[in-house]
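Engineer: Before I ask anything, here is the structure I am working with.
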Amino acid sequence: MALLSARGLTCGYRRRPEPTLRGVDLELRAGEVTLVCGPSASGKTTLLRALNGLLPRAYPGSTVAGELRIEGVDARGMNLAAIGSRVGTLLQDPARQVVGNDVEKELAFGPENLGLPVDEIRARTAREAARLGLEPLLERSPAELSGGELQKVALAGVLATEPSILLLDEPFAALDPASAHEVAALLRQLADEGRAVLVIEHRIEELANARPDQVLALDDGRATVSSLDAFFEDADPRHLSLPAEVAVRRWRAIGFSRKERHRPDDARSKSRGGGGGGGDGPAVPAPPAAVGDPLLALEDVGFGFRDGAPVLAGAKLRVGAGETVALLGANGAGKSTLLKLAMGLLRPTGGRVVVEGRDAVELTTAELARTAGYLFQDPNAMLFADTVEEECLFAPRNLGVPEAEARERVRDALAKLGLTELAGEAPGGFSIGQKKRVCLAVLVAQGVRVWLFDEPTAGLDPGGVADFLRALRSGRGAEDAVVFATHDLDLALLHATGVALVDEGRIVASGPPGEVLADAGRLERARLRSTSLFERNRSRLEAGLPPLDARALAALAEDAP
């Protein structure tokens, strides 16, 4: 039974001359999981907004044409409350839909607004907290949670209303690999219980546990619906994050230039890219042979919030000039807290954070900003100026840089990041990839030597990841240090010179990515999971060879006798 059906769905926005969606046909049936995928700006989020009624109701001047029926009722005659009682939506940014003062109140919010009896509200709250492992967090404020924990809370709040149709916009974006695997299994269970589930997701390999029944592939607003197997036969590895075996096969089908087919193996290792899809060269240069005094050091660092619950305990880390270190670990392990301590946004309750040889406690945040720069997981959290140029001028001016030098820094930063032509534009209307590039330009103009990133590639398709890595390579200096928190093991494998594994507030392992990630037991304890790309590279790592992305592996296979 189709719980939701769309025919000829065409949607546009007031300030865009062309429709964002064009003639989409779709059925969401009870008992089925639908995967929606496609490049950035292909219309995925617009589709979700049309299906849950936000278009045109919440977007003045937007247009929706075609037919949309929800549980057999013409959606044009339904208000948002009527649609919301049937359709549950998890937004791309969960912080925008979490309103409770603590987690328990957040889970109760939806059922309360449905006017349910108190006992039923309590039962639903307890059920969803148990399903998503949120019991230890029920009394915590959402403001104290990690991005992944907040994503689980938002999902639990949606499930507590028991909608018959679930629309999820990148539900894995901030989840650790084990949590993504578990949520995928939960989505399959919910479908098997009779719901219709639609998932927009870049992390296709991790969605496999949900066993999608159909795939809606969007490209430039047009849709193609197929089975998962049929989708894999024609998927484009340049824009989609595919399982390694699929990506290698598709790269071989696309073909390679003569130069790509015949370059030596060591040259291929220098062209590795992110994830299971394509790449565009190394994100950073290899570290120098001898690393001197660290640019950043954590010496037995501890930290806890007001309630006394420890977040970090005895954390130790050294990052030298030219190094790129990936922080890996479970949601809530302390990765983001570690980055904020390094930036001076938080102060340690024990131990020392040392930046360029100076104890961070003795420095103001402004003084630290002369050396260290921080890119939030959500770039909107650090963008506020009317134009890109003003955004980049803000830090130099506030650090006391003379105006002429500040403007020269900004011109250089915009040129390096390919943003010169956008200098007068408002960054608020940019895509997430463009916004992150603006944030990188801000750090270049700021003149930082220690780059701190929280999930820098979250929400980006493989093309966006490659663009971000290109921009980073253009903006950073060869002797700069980069530390980034991520749940993307492939990103760490291919683009980090070292990995630090964070588990319950401690750094339990550090070293070259191939060594740290090869210990299956260690990964499981930290709620990480090996990837198909890592497994394809295991024999290379054991032989002392550098890891390759799917494109380079496909080219290597082309050379095989």
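Just remember, in the structure tokens the first chain shown is A, the second B, etc., residues are 1-based per chain, and ligands are 1-based in the order shown.
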Quick one: residues within 6 Å of range 505-518 of chain A, only C-alpha atoms, excluding same-chain residues fewer than 3 positions away - as a list in words?

Structural biologist: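 The residues satisfying every condition are Val311, Leu312, Ala313, Ala315, Ala333, Gly334, Leu493, Gly498, Val499, Ala500, Leu501 and Val502 of chain A.
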
Engineer: Hey, which of A:Asp467, A:Ser532, A:Asn52, A:Ala160 ends up closest to Leu116 in chain A? Count only C-alpha atoms.

Structural biologist: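 Among A:Asp467, A:Ser532, A:Asn52, A:Ala160, it is A:Ala160 that comes nearest to Leu116 in chain A.
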
Engineer: Can you list every residue in range 298-469 of chain A that DSSP puts in alpha helix (DSSP H), as number ranges by chain?

Structural biologist: A: 335-343, 365-368, 388-398, 403-416, 432-446, 462-469

Engineer: Would you list the contacts of range 245-249 of chain A as a list in words, taking every protein, DNA or RNA residue within 8 Å and counting only C-alpha atoms, but skipping same-chain residues closer than 6 positions in sequence?

Structural biologist: Phe232, Pro237, Gly276, Gly277, Ser532, Leu533, Ala550, Arg551, Leu553 and Ala554 of chain A

Engineer: Take CA of Gly38 in chain A and CA of Asp25 in chain A and report the distance between them in Å, one decimal.

Structural biologist: 15.9 Å
